[in-house]
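Peer 1: What follows is the file final_24.cif, containing mmCIF, C-alpha atoms:
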```
data_start
#
loop_
_atom_site.group_PDB
_atom_site.id
_atom_site.type_symbol
_atom_site.label_atom_id
_atom_site.label_comp_id
_atom_site.auth_asym_id
_atom_site.auth_seq_id
_atom_site.Cartn_x
_atom_site.Cartn_y
_atom_site.Cartn_z
ATOM 1 C CA MET A 196 -22.265 -36.530 -40.022
ATOM 2 C CA ALA A 197 -21.207 -38.320 -36.851
ATOM 3 C CA GLU A 198 -22.658 -37.102 -33.587
ATOM 4 C CA GLU A 199 -20.238 -35.141 -31.474
ATOM 5 C CA THR A 200 -19.427 -36.987 -28.286
ATOM 6 C CA VAL A 201 -19.644 -34.974 -25.084
ATOM 7 C CA PRO A 202 -16.970 -36.115 -22.632
ATOM 8 C CA LYS A 203 -18.349 -37.492 -19.403
ATOM 9 C CA MET A 204 -17.697 -35.305 -16.382
ATOM 10 C CA GLU A 205 -17.225 -37.027 -13.060
ATOM 11 C CA TYR A 206 -19.494 -35.642 -10.339
ATOM 12 C CA GLY A 207 -19.296 -37.524 -7.091
ATOM 13 C CA ASP A 208 -18.136 -37.058 -3.528
ATOM 14 C CA ALA A 209 -14.567 -36.482 -4.715
ATOM 15 C CA GLN A 210 -15.701 -33.426 -6.701
ATOM 16 C CA ILE A 211 -17.236 -31.704 -3.664
ATOM 17 C CA VAL A 212 -14.515 -29.356 -2.434
ATOM 18 C CA THR A 213 -14.430 -27.238 0.707
ATOM 19 C CA MET A 214 -12.038 -24.310 0.678
ATOM 20 C CA GLU A 215 -10.837 -23.042 4.037
ATOM 21 C CA GLY A 216 -11.000 -19.319 4.772
ATOM 22 C CA VAL A 217 -7.495 -18.278 3.714
ATOM 23 C CA GLU A 218 -7.555 -20.458 0.607
ATOM 24 C CA HIS A 219 -10.941 -19.098 -0.420
ATOM 25 C CA ILE A 220 -9.765 -15.505 -0.051
ATOM 26 C CA ARG A 221 -6.664 -16.173 -2.133
ATOM 27 C CA ARG A 222 -8.604 -18.063 -4.812
ATOM 28 C CA ARG A 223 -11.446 -15.512 -4.943
ATOM 29 C CA PRO A 224 -9.923 -12.181 -3.849
ATOM 30 C CA GLY A 225 -12.466 -10.197 -5.844
ATOM 31 C CA MET A 226 -15.205 -11.341 -3.476
ATOM 32 C CA TYR A 227 -13.407 -9.629 -0.602
ATOM 33 C CA ILE A 228 -11.531 -6.610 -1.955
ATOM 34 C CA GLY A 229 -12.862 -6.070 -5.473
ATOM 35 C CA ARG A 230 -10.156 -5.495 -8.055
ATOM 36 C CA LEU A 231 -6.513 -6.394 -7.513
ATOM 37 C CA GLY A 232 -4.449 -3.900 -9.530
ATOM 38 C CA ASP A 233 -0.971 -2.576 -8.831
ATOM 39 C CA GLY A 234 -1.750 0.763 -7.196
ATOM 40 C CA ARG A 235 -2.143 2.948 -10.271
ATOM 41 C CA ASN A 236 -5.889 3.294 -9.655
ATOM 42 C CA PRO A 237 -7.296 4.590 -6.331
ATOM 43 C CA GLY A 238 -9.735 1.666 -6.327
ATOM 44 C CA ASP A 239 -6.979 -0.966 -6.506
ATOM 45 C CA GLY A 240 -6.842 -3.678 -3.873
ATOM 46 C CA ILE A 241 -3.728 -2.479 -2.059
ATOM 47 C CA TYR A 242 -5.679 0.606 -0.955
ATOM 48 C CA VAL A 243 -8.565 -1.600 0.184
ATOM 49 C CA LEU A 244 -6.114 -3.562 2.351
ATOM 50 C CA LEU A 245 -4.919 -0.330 3.930
ATOM 51 C CA LYS A 246 -8.476 0.874 4.441
ATOM 52 C CA GLU A 247 -9.558 -2.332 6.171
ATOM 53 C CA ILE A 248 -6.833 -1.976 8.799
ATOM 54 C CA ILE A 249 -7.483 1.737 9.351
ATOM 55 C CA ASP A 250 -11.222 1.035 9.609
ATOM 56 C CA ASN A 251 -10.618 -1.137 12.671
ATOM 57 C CA SER A 252 -8.747 1.720 14.318
ATOM 58 C CA ILE A 253 -11.504 4.142 13.315
ATOM 59 C CA ASP A 254 -14.025 1.880 15.042
ATOM 60 C CA GLU A 255 -12.005 2.136 18.258
ATOM 61 C CA TYR A 256 -12.034 5.934 18.045
ATOM 62 C CA ALA A 257 -15.779 5.930 17.373
ATOM 63 C CA MET A 258 -16.252 3.999 20.624
ATOM 64 C CA GLY A 259 -14.212 6.590 22.528
ATOM 65 C CA PHE A 260 -10.843 4.822 22.651
ATOM 66 C CA GLY A 261 -7.700 6.376 21.187
ATOM 67 C CA LYS A 262 -7.412 9.814 19.620
ATOM 68 C CA GLN A 263 -4.525 9.115 17.252
ATOM 69 C CA ILE A 264 -3.828 6.637 14.462
ATOM 70 C CA GLN A 265 -0.334 6.369 13.001
ATOM 71 C CA VAL A 266 0.038 5.243 9.379
ATOM 72 C CA THR A 267 3.491 4.655 7.925
ATOM 73 C CA ILE A 268 4.310 3.387 4.433
ATOM 74 C CA ALA A 269 7.957 2.718 3.614
ATOM 75 C CA ASP A 270 9.295 0.462 0.856
ATOM 76 C CA GLU A 271 5.677 -0.621 0.220
ATOM 77 C CA GLN A 272 5.341 -2.047 3.744
ATOM 78 C CA VAL A 273 2.413 -0.640 5.716
ATOM 79 C CA ARG A 274 2.390 0.015 9.455
ATOM 80 C CA VAL A 275 -0.767 1.076 11.321
ATOM 81 C CA ARG A 276 -0.741 1.755 15.076
ATOM 82 C CA ASP A 277 -3.769 2.849 17.068
ATOM 83 C CA PHE A 278 -4.224 3.546 20.764
ATOM 84 C CA GLY A 279 -7.587 1.926 21.336
ATOM 85 C CA ARG A 280 -8.414 -1.011 23.589
ATOM 86 C CA GLY A 281 -6.317 -3.553 21.715
ATOM 87 C CA ILE A 282 -7.538 -6.970 20.608
ATOM 88 C CA PRO A 283 -8.342 -9.290 23.553
ATOM 89 C CA LEU A 284 -5.033 -11.051 24.152
ATOM 90 C CA ASP A 285 -6.285 -14.622 23.892
ATOM 91 C CA SER A 286 -8.087 -13.873 20.621
ATOM 92 C CA VAL A 287 -5.348 -12.199 18.584
ATOM 93 C CA VAL A 288 -4.616 -15.120 16.246
ATOM 94 C CA LYS A 289 -8.211 -16.036 15.484
ATOM 95 C CA ALA A 290 -9.257 -12.374 15.199
ATOM 96 C CA VAL A 291 -6.950 -11.897 12.210
ATOM 97 C CA SER A 292 -7.046 -15.341 10.595
ATOM 98 C CA ILE A 293 -10.398 -17.102 11.038
ATOM 99 C CA LEU A 294 -13.309 -15.870 8.929
ATOM 100 C CA ASN A 295 -16.478 -14.739 10.669
ATOM 101 C CA THR A 296 -14.611 -14.118 13.902
ATOM 102 C CA GLY A 297 -14.792 -10.643 15.406
ATOM 103 C CA GLY A 298 -16.420 -8.287 17.864
ATOM 104 C CA LYS A 299 -18.726 -6.464 15.459
ATOM 105 C CA PHE A 300 -21.619 -8.864 15.013
ATOM 106 C CA ASP A 301 -23.674 -7.146 17.723
ATOM 107 C CA ASP A 302 -23.530 -3.827 19.564
ATOM 108 C CA LYS A 303 -21.972 -5.073 22.797
ATOM 109 C CA ALA A 304 -18.411 -4.021 21.915
ATOM 110 C CA PHE A 305 -19.030 -1.713 18.939
ATOM 111 C CA LYS A 306 -22.158 0.432 18.537
ATOM 112 C CA LYS A 307 -21.314 1.276 14.934
ATOM 113 C CA SER A 308 -18.638 -0.166 12.728
ATOM 114 C CA VAL A 309 -17.134 0.770 9.368
ATOM 115 C CA GLY A 310 -15.105 -2.450 9.065
ATOM 116 C CA LEU A 311 -16.260 -5.659 7.392
ATOM 117 C CA ASN A 312 -17.849 -7.919 9.996
ATOM 118 C CA GLY A 313 -15.415 -10.748 10.630
ATOM 119 C CA VAL A 314 -13.718 -10.457 7.226
ATOM 120 C CA GLY A 315 -11.604 -7.321 6.700
ATOM 121 C CA THR A 316 -8.391 -8.048 8.593
ATOM 122 C CA LYS A 317 -8.479 -11.709 7.547
ATOM 123 C CA ALA A 318 -8.492 -10.645 3.896
ATOM 124 C CA VAL A 319 -5.494 -8.376 4.498
ATOM 125 C CA ASN A 320 -3.674 -11.235 6.216
ATOM 126 C CA ALA A 321 -4.461 -13.760 3.479
ATOM 127 C CA LEU A 322 -3.411 -11.379 0.685
ATOM 128 C CA SER A 323 -0.121 -10.294 2.270
ATOM 129 C CA GLU A 324 3.304 -11.863 1.857
ATOM 130 C CA ARG A 325 3.986 -10.906 5.453
ATOM 131 C CA PHE A 326 1.517 -9.897 8.144
ATOM 132 C CA TYR A 327 2.251 -9.055 11.776
ATOM 133 C CA VAL A 328 -0.137 -8.039 14.554
ATOM 134 C CA CYS A 329 0.568 -7.082 18.154
ATOM 135 C CA SER A 330 -2.054 -6.161 20.746
ATOM 136 C CA HIS A 331 -1.115 -4.201 23.867
ATOM 137 C CA ARG A 332 -3.497 -4.364 26.834
ATOM 138 C CA GLY A 333 -2.861 -3.505 30.460
ATOM 139 C CA GLY A 334 0.890 -4.058 30.411
ATOM 140 C CA GLU A 335 0.734 -7.291 28.428
ATOM 141 C CA CYS A 336 1.029 -7.962 24.715
ATOM 142 C CA SER A 337 0.090 -10.780 22.368
ATOM 143 C CA TRP A 338 1.570 -11.002 18.879
ATOM 144 C CA ALA A 339 1.464 -13.209 15.817
ATOM 145 C CA SER A 340 3.199 -13.309 12.440
ATOM 146 C CA PHE A 341 1.846 -14.822 9.231
ATOM 147 C CA GLU A 342 2.902 -15.479 5.647
ATOM 148 C CA ARG A 343 0.107 -15.470 3.063
ATOM 149 C CA GLY A 344 -2.395 -16.104 5.845
ATOM 150 C CA GLU A 345 -0.538 -19.032 7.405
ATOM 151 C CA LEU A 346 0.512 -18.650 11.047
ATOM 152 C CA LYS A 347 4.296 -18.781 11.436
ATOM 153 C CA ASP A 348 4.885 -17.671 15.007
ATOM 154 C CA SER A 349 3.077 -16.170 17.994
ATOM 155 C CA GLY A 350 3.682 -15.308 21.610
ATOM 156 C CA LYS A 351 2.841 -13.254 24.692
ATOM 157 C CA GLY A 352 4.793 -11.153 27.116
ATOM 158 C CA PRO A 353 4.992 -7.952 29.140
ATOM 159 C CA THR A 354 4.966 -4.558 27.426
ATOM 160 C CA LYS A 355 5.554 -0.934 28.330
ATOM 161 C CA GLU A 356 3.657 0.259 25.262
ATOM 162 C CA LYS A 357 0.346 2.093 25.528
ATOM 163 C CA ASP A 358 -2.791 0.046 24.938
ATOM 164 C CA GLY A 359 -3.749 -0.429 21.304
ATOM 165 C CA THR A 360 -3.036 -2.496 18.223
ATOM 166 C CA LEU A 361 -0.105 -2.538 15.809
ATOM 167 C CA VAL A 362 -0.423 -4.089 12.350
ATOM 168 C CA ARG A 363 2.299 -4.404 9.725
ATOM 169 C CA PHE A 364 1.770 -5.974 6.320
ATOM 170 C CA PHE A 365 3.383 -6.265 2.906
ATOM 171 C CA PRO A 366 0.889 -7.012 0.087
ATOM 172 C CA ASP A 367 1.526 -10.218 -1.835
ATOM 173 C CA ARG A 368 3.309 -9.641 -5.155
ATOM 174 C CA MET A 369 1.830 -12.915 -6.390
ATOM 175 C CA MET A 370 -1.521 -11.114 -6.211
ATOM 176 C CA PHE A 371 -0.691 -7.481 -6.916
ATOM 177 C CA GLY A 372 2.357 -7.799 -9.164
ATOM 178 C CA ASP A 373 4.945 -5.027 -9.047
ATOM 179 C CA PHE A 374 2.660 -2.805 -6.988
ATOM 180 C CA HIS A 375 3.377 0.667 -5.665
ATOM 181 C CA TYR A 376 1.462 2.862 -3.223
ATOM 182 C CA ASN A 377 0.637 6.242 -4.755
ATOM 183 C CA MET A 378 1.020 8.520 -1.747
ATOM 184 C CA ASP A 379 -1.335 11.116 -3.239
ATOM 185 C CA TYR A 380 -4.112 8.515 -3.100
ATOM 186 C CA VAL A 381 -3.147 7.544 0.440
ATOM 187 C CA GLU A 382 -3.059 11.182 1.554
ATOM 188 C CA THR A 383 -6.559 11.738 0.141
ATOM 189 C CA MET A 384 -7.800 8.659 1.997
ATOM 190 C CA VAL A 385 -6.298 9.842 5.283
ATOM 191 C CA LYS A 386 -7.662 13.372 4.838
ATOM 192 C CA ASN A 387 -11.136 11.983 4.191
ATOM 193 C CA TYR A 388 -10.935 9.959 7.397
ATOM 194 C CA SER A 389 -10.068 13.133 9.309
ATOM 195 C CA TYR A 390 -13.049 14.977 7.791
ATOM 196 C CA LEU A 391 -15.388 12.116 8.673
ATOM 197 C CA LYS A 392 -14.107 11.741 12.246
ATOM 198 C CA LYS A 393 -13.831 15.171 13.830
ATOM 199 C CA GLY A 394 -11.149 15.410 16.497
ATOM 200 C CA LEU A 395 -9.252 12.307 15.391
ATOM 201 C CA THR A 396 -5.597 12.829 14.484
ATOM 202 C CA LEU A 397 -4.193 10.623 11.743
ATOM 203 C CA VAL A 398 -0.438 10.783 11.275
ATOM 204 C CA LEU A 399 0.739 9.743 7.806
ATOM 205 C CA ASN A 400 4.514 9.352 7.597
ATOM 206 C CA ASP A 401 4.935 11.933 10.402
ATOM 207 C CA THR A 402 2.452 14.428 8.882
ATOM 208 C CA PRO A 403 -0.641 14.937 11.087
ATOM 209 C CA TYR A 404 -4.162 15.439 9.735
ATOM 210 C CA MET A 405 -7.031 16.543 11.966
ATOM 211 C CA SER A 406 -10.361 18.255 11.330
ATOM 212 C CA GLN A 407 -12.362 20.206 13.885
ATOM 213 C CA ASN A 408 -15.363 20.875 11.629
ATOM 214 C CA GLY A 409 -15.822 17.658 9.665
ATOM 215 C CA LEU A 410 -17.183 17.919 6.133
ATOM 216 C CA LEU A 411 -17.316 21.703 6.467
ATOM 217 C CA ASP A 412 -13.514 21.677 6.410
ATOM 218 C CA LEU A 413 -13.593 19.404 3.348
ATOM 219 C CA VAL A 414 -15.829 21.802 1.420
ATOM 220 C CA ASN A 415 -13.772 24.832 2.445
ATOM 221 C CA ASP A 416 -10.629 23.022 1.289
ATOM 222 C CA ASN A 417 -12.304 22.213 -2.048
ATOM 223 C CA LEU A 418 -13.432 25.788 -2.696
ATOM 224 C CA THR A 419 -11.116 27.381 -5.250
ATOM 225 C CA GLU A 420 -12.707 30.826 -4.950
ATOM 226 C CA ASP A 421 -14.877 32.809 -2.571
ATOM 227 C CA PRO A 422 -18.313 31.162 -2.418
ATOM 228 C CA LEU A 423 -21.504 33.035 -3.249
ATOM 229 C CA TYR A 424 -22.596 32.446 0.360
ATOM 230 C CA PRO A 425 -21.068 30.807 3.456
ATOM 231 C CA PRO A 426 -21.322 27.011 3.271
ATOM 232 C CA ILE A 427 -24.484 25.566 4.810
ATOM 233 C CA HIS A 428 -23.641 22.830 7.319
ATOM 234 C CA LEU A 429 -26.324 20.426 8.574
ATOM 235 C CA GLU A 430 -25.745 17.476 10.905
ATOM 236 C CA GLY A 431 -27.975 14.675 12.174
ATOM 237 C CA GLU A 432 -27.339 11.428 14.023
ATOM 238 C CA ASP A 433 -26.362 9.496 10.896
ATOM 239 C CA ILE A 434 -26.050 12.216 8.281
ATOM 240 C CA GLU A 435 -23.928 15.279 7.589
ATOM 241 C CA ILE A 436 -24.466 17.674 4.682
ATOM 242 C CA VAL A 437 -22.528 20.722 3.491
ATOM 243 C CA LEU A 438 -23.219 22.831 0.415
ATOM 244 C CA SER A 439 -22.293 26.130 -1.159
ATOM 245 C CA HIS A 440 -22.106 27.632 -4.644
ATOM 246 C CA GLY A 441 -19.288 29.290 -6.519
ATOM 247 C CA ASN A 442 -18.945 30.785 -9.984
ATOM 248 C CA SER A 443 -17.463 27.677 -11.583
ATOM 249 C CA TYR A 444 -19.314 25.370 -13.958
ATOM 250 C CA GLY A 445 -20.234 21.831 -13.042
ATOM 251 C CA GLU A 446 -20.520 20.146 -9.661
ATOM 252 C CA ASN A 447 -17.934 19.264 -7.030
ATOM 253 C CA ILE A 448 -19.679 16.986 -4.540
ATOM 254 C CA SER A 449 -17.856 14.531 -2.280
ATOM 255 C CA SER A 450 -19.990 11.648 -1.033
ATOM 256 C CA PHE A 451 -19.400 8.998 1.606
ATOM 257 C CA VAL A 452 -21.221 6.029 3.099
ATOM 258 C CA ASN A 453 -20.010 4.099 6.127
ATOM 259 C CA GLY A 454 -16.622 5.777 5.934
ATOM 260 C CA GLN A 455 -16.189 4.872 2.265
ATOM 261 C CA ASN A 456 -15.695 7.490 -0.452
ATOM 262 C CA THR A 457 -18.440 6.618 -2.954
ATOM 263 C CA ARG A 458 -16.787 7.809 -6.161
ATOM 264 C CA ASP A 459 -19.571 6.335 -8.301
ATOM 265 C CA GLY A 460 -22.325 8.025 -6.320
ATOM 266 C CA GLY A 461 -25.371 6.184 -5.068
ATOM 267 C CA THR A 462 -28.838 6.724 -3.657
ATOM 268 C CA HIS A 463 -27.565 9.142 -1.014
ATOM 269 C CA LEU A 464 -25.928 11.390 -3.618
ATOM 270 C CA ALA A 465 -28.948 11.208 -5.939
ATOM 271 C CA ALA A 466 -31.216 12.267 -3.048
ATOM 272 C CA TYR A 467 -28.831 15.111 -2.137
ATOM 273 C CA ARG A 468 -28.796 16.466 -5.685
ATOM 274 C CA GLU A 469 -32.568 16.111 -6.040
ATOM 275 C CA ALA A 470 -33.255 17.819 -2.700
ATOM 276 C CA ILE A 471 -31.138 20.848 -3.620
ATOM 277 C CA ALA A 472 -33.064 21.401 -6.853
ATOM 278 C CA LYS A 473 -36.465 20.819 -5.221
ATOM 279 C CA THR A 474 -35.739 23.163 -2.304
ATOM 280 C CA LEU A 475 -34.669 26.010 -4.591
ATOM 281 C CA LYS A 476 -37.643 25.516 -6.904
ATOM 282 C CA ASP A 477 -40.095 25.445 -3.997
ATOM 283 C CA PHE A 478 -38.551 28.445 -2.238
ATOM 284 C CA PHE A 479 -38.450 30.703 -5.292
ATOM 285 C CA LYS A 480 -41.604 29.183 -6.822
ATOM 286 C CA LYS A 481 -39.782 28.876 -10.134
ATOM 287 C CA ASN A 482 -39.592 25.885 -12.450
ATOM 288 C CA TYR A 483 -35.799 25.833 -12.621
ATOM 289 C CA GLU A 484 -34.005 23.072 -14.447
ATOM 290 C CA PRO A 485 -32.398 20.827 -11.787
ATOM 291 C CA ALA A 486 -29.035 20.969 -13.564
ATOM 292 C CA ASP A 487 -29.098 24.785 -13.399
ATOM 293 C CA CYS A 488 -29.659 24.669 -9.627
ATOM 294 C CA ARG A 489 -26.543 22.572 -9.210
ATOM 295 C CA GLN A 490 -24.187 24.546 -11.441
ATOM 296 C CA GLY A 491 -21.188 25.698 -9.428
ATOM 297 C CA ILE A 492 -22.099 23.675 -6.355
ATOM 298 C CA VAL A 493 -19.391 22.587 -3.939
ATOM 299 C CA GLY A 494 -20.685 20.177 -1.344
ATOM 300 C CA ALA A 495 -20.366 16.964 0.619
ATOM 301 C CA ILE A 496 -22.626 14.339 2.127
#
```
What is this structure when it is put down as structure tokens?
Peer 2:
Amino acid sequence: MAEETVPKMEYGDAQIVTMEGVEHIRRRPGMYIGRLGDGRNPGDGIYVLLKEIIDNSIDEYAMGFGKQIQVTIADEQVRVRDFGRGIPLDSVVKAVSILNTGGKFDDKAFKKSVGLNGVGTKAVNALSERFYVCSHRGGECSWASFERGELKDSGKGPTKEKDGTLVRFFPDRMMFGDFHYNMDYVETMVKNYSYLKKGLTLVLNDTPYMSQNGLLDLVNDNLTEDPLYPPIHLEGEDIEIVLSHGNSYGENISSFVNGQNTRDGGTHLAAYREAIAKTLKDFFKKNYEPADCRQGIVGAI
């Protein structure tokens, strides 16, 4: 039997390839936004694109700038307008197109941030057929338009608009196919933002959402019957917990980390569930089954 010949593979300087930021995002989108999808699943990439833009506006609110964020989706084009400080005018183009460029690498401009450091908006830009950004600051504006991450036009001029940032984008059908935004998913996302950021008003297609009591409002909204006791609401610097019990079977616990709804749970949710069982067992000095302690629970962390 003749030996099988393995074809020689060239491996020299010509095979060493460097992909620029936009190209790398488009070639490896999963590294930046996870799955692609067409919008039928709440974890699909088009919702991640929306979240990344809103996250930047949330960061402005967290720093004390801007109390309203407007989100409009029409014919699958997304528009997000905040009333924060706006992107520094001379940095608009690089802030949305050059990887590892941003103001969130230290705490000088942002104490805490939910956005991806130097990546989020660039990924949205690279994965959109059309992307437009305009920053308004002190009576001046700076804008730029892109197609699939490539700069097409930019400029500066006077403005009468309030300070803040406007972003419009249309996700790339080459990436997401015949996609469609499920507005129920978007509404849930916006509501969750309002629960996580008390006092912030988010306007989705002219409908405002605002929470005065944070996760307590979320739990009260999720209760389908009168609870066995008023919800317990605990807050710390970096943690918020709400819990109550009803007569239903199973558990209804919403969990979040860094502004992200953690549908698959995580260490924080495991600790929450364990602490509830341990506290009840210690208080009543009974060896309850942990699952029994959590039956009928409605909570959030």
Peer 1: With a distance cut-off of 7 Å and all atoms listed in the file, select the neighbouring residues of A:His428, excluding the residue or stretch itself and same-chain residues fewer than 6 positions from it, and output the selection as a PDB file with C-alpha atoms, in the frame of the given file.
Peer 2:
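Listed below is the output, around08.pdb:
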```
ATOM      1  CA  LEU A 411     -17.316  21.703   6.467  1.00  0.00           C
ATOM      2  CA  ILE A 436     -24.466  17.674   4.682  1.00  0.00           C
ATOM      3  CA  VAL A 437     -22.528  20.722   3.491  1.00  0.00           C
ATOM      4  CA  LEU A 438     -23.219  22.831   0.415  1.00  0.00           C
TER       5      LEU A 438
END
```
Peer 1: Residues near A:Ala321, anyone? I mean within 12 Å using only C-alpha atoms, not counting same-chain ones fewer than 2 positions away, as a PyMOL selection string.
Peer 2: chain A and resi 215-224+227-228+244+291-294+314-319+323-327+340-346+364-367+369-370
Peer 1: Mind dumping the selected residues with C-alpha atoms as a tab-separated table (two decimals), keeping the file's coordinate frame?
Peer 2:
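Output file out-v5.tsv follows:
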```tsv
chain	number	residue	atom	x	y	z
A	215	GLU	CA	-10.84	-23.04	4.04
A	216	GLY	CA	-11.00	-19.32	4.77
A	217	VAL	CA	-7.50	-18.28	3.71
A	218	GLU	CA	-7.56	-20.46	0.61
A	219	HIS	CA	-10.94	-19.10	-0.42
A	220	ILE	CA	-9.76	-15.50	-0.05
A	221	ARG	CA	-6.66	-16.17	-2.13
A	222	ARG	CA	-8.60	-18.06	-4.81
A	223	ARG	CA	-11.45	-15.51	-4.94
A	224	PRO	CA	-9.92	-12.18	-3.85
A	227	TYR	CA	-13.41	-9.63	-0.60
A	228	ILE	CA	-11.53	-6.61	-1.96
A	244	LEU	CA	-6.11	-3.56	2.35
A	291	VAL	CA	-6.95	-11.90	12.21
A	292	SER	CA	-7.05	-15.34	10.60
A	293	ILE	CA	-10.40	-17.10	11.04
A	294	LEU	CA	-13.31	-15.87	8.93
A	314	VAL	CA	-13.72	-10.46	7.23
A	315	GLY	CA	-11.60	-7.32	6.70
A	316	THR	CA	-8.39	-8.05	8.59
A	317	LYS	CA	-8.48	-11.71	7.55
A	318	ALA	CA	-8.49	-10.64	3.90
A	319	VAL	CA	-5.49	-8.38	4.50
A	323	SER	CA	-0.12	-10.29	2.27
A	324	GLU	CA	3.30	-11.86	1.86
A	325	ARG	CA	3.99	-10.91	5.45
A	326	PHE	CA	1.52	-9.90	8.14
A	327	TYR	CA	2.25	-9.06	11.78
A	340	SER	CA	3.20	-13.31	12.44
A	341	PHE	CA	1.85	-14.82	9.23
A	342	GLU	CA	2.90	-15.48	5.65
A	343	ARG	CA	0.11	-15.47	3.06
A	344	GLY	CA	-2.40	-16.10	5.84
A	345	GLU	CA	-0.54	-19.03	7.40
A	346	LEU	CA	0.51	-18.65	11.05
A	364	PHE	CA	1.77	-5.97	6.32
A	365	PHE	CA	3.38	-6.26	2.91
A	366	PRO	CA	0.89	-7.01	0.09
A	367	ASP	CA	1.53	-10.22	-1.84
A	369	MET	CA	1.83	-12.92	-6.39
A	370	MET	CA	-1.52	-11.11	-6.21
```
Peer 1: Could you tell me which of A:Ile248, A:Ala470, A:Leu429, A:Leu423 comes closest to A:Asn408 if we count all atoms listed in the file?
Peer 2: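 Looking at the shortest contact to A:Asn408, the residue is A:Leu429.
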Peer 1: Pick from A:Thr360, A:Gly229, A:Leu245, A:Ile268: nearest to A:Gly281, with all atoms listed in the file counted?
Peer 2: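 So, comparing all the options, the nearest one is A:Thr360.
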Peer 1: Any idea what's packed within 7 Å of A:Gln265, counting only C-alpha atoms, ignoring anything in its chain fewer than 4 positions away? Could you give it as a list in words?
Peer 2: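 Near A:Gln265, the qualifying residues are Val275, Arg276, Asp277, Leu397, Val398 and Leu399 of chain A.
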Peer 1: Because some atoms of stretch 327-340 of chain A are absent here, can you restore N, CA and C atoms and send them as a PDB file, keeping the file's coordinate frame?
Peer 2:
```
ATOM      1  N   TYR A 327       1.903  -9.003  10.353  1.00  0.00           N
ATOM      2  CA  TYR A 327       2.251  -9.055  11.776  1.00  0.00           C
ATOM      3  C   TYR A 327       1.241  -8.235  12.562  1.00  0.00           C
ATOM      4  N   VAL A 328       0.793  -8.762  13.690  1.00  0.00           N
ATOM      5  CA  VAL A 328      -0.137  -8.039  14.554  1.00  0.00           C
ATOM      6  C   VAL A 328       0.345  -8.157  15.987  1.00  0.00           C
ATOM      7  N   CYS A 329       0.220  -7.072  16.743  1.00  0.00           N
ATOM      8  CA  CYS A 329       0.568  -7.082  18.154  1.00  0.00           C
ATOM      9  C   CYS A 329      -0.458  -6.248  18.909  1.00  0.00           C
ATOM     10  N   SER A 330      -1.066  -6.848  19.920  1.00  0.00           N
ATOM     11  CA  SER A 330      -2.054  -6.161  20.746  1.00  0.00           C
ATOM     12  C   SER A 330      -1.463  -5.872  22.118  1.00  0.00           C
ATOM     13  N   HIS A 331      -1.600  -4.622  22.551  1.00  0.00           N
ATOM     14  CA  HIS A 331      -1.115  -4.201  23.867  1.00  0.00           C
ATOM     15  C   HIS A 331      -2.319  -3.903  24.757  1.00  0.00           C
ATOM     16  N   ARG A 332      -2.384  -4.582  25.897  1.00  0.00           N
ATOM     17  CA  ARG A 332      -3.497  -4.364  26.834  1.00  0.00           C
ATOM     18  C   ARG A 332      -3.013  -4.522  28.274  1.00  0.00           C
ATOM     19  N   GLY A 333      -3.141  -3.432  29.028  1.00  0.00           N
ATOM     20  CA  GLY A 333      -2.861  -3.505  30.460  1.00  0.00           C
ATOM     21  C   GLY A 333      -1.496  -4.031  30.832  1.00  0.00           C
ATOM     22  N   GLY A 334      -0.467  -3.637  30.087  1.00  0.00           N
ATOM     23  CA  GLY A 334       0.890  -4.058  30.411  1.00  0.00           C
ATOM     24  C   GLY A 334       1.294  -5.404  29.853  1.00  0.00           C
ATOM     25  N   GLU A 335       0.408  -6.026  29.088  1.00  0.00           N
ATOM     26  CA  GLU A 335       0.734  -7.291  28.428  1.00  0.00           C
ATOM     27  C   GLU A 335       0.522  -7.146  26.926  1.00  0.00           C
ATOM     28  N   CYS A 336       1.213  -7.987  26.163  1.00  0.00           N
ATOM     29  CA  CYS A 336       1.029  -7.962  24.715  1.00  0.00           C
ATOM     30  C   CYS A 336       0.911  -9.389  24.185  1.00  0.00           C
ATOM     31  N   SER A 337       0.217  -9.501  23.070  1.00  0.00           N
ATOM     32  CA  SER A 337       0.090 -10.780  22.368  1.00  0.00           C
ATOM     33  C   SER A 337       0.325 -10.499  20.896  1.00  0.00           C
ATOM     34  N   TRP A 338       1.200 -11.274  20.261  1.00  0.00           N
ATOM     35  CA  TRP A 338       1.570 -11.002  18.879  1.00  0.00           C
ATOM     36  C   TRP A 338       1.522 -12.278  18.050  1.00  0.00           C
ATOM     37  N   ALA A 339       1.459 -12.073  16.744  1.00  0.00           N
ATOM     38  CA  ALA A 339       1.464 -13.209  15.817  1.00  0.00           C
ATOM     39  C   ALA A 339       1.984 -12.742  14.470  1.00  0.00           C
ATOM     40  N   SER A 340       2.708 -13.619  13.781  1.00  0.00           N
ATOM     41  CA  SER A 340       3.199 -13.309  12.440  1.00  0.00           C
ATOM     42  C   SER A 340       2.711 -14.380  11.469  1.00  0.00           C
TER      43      SER A 340
END
```
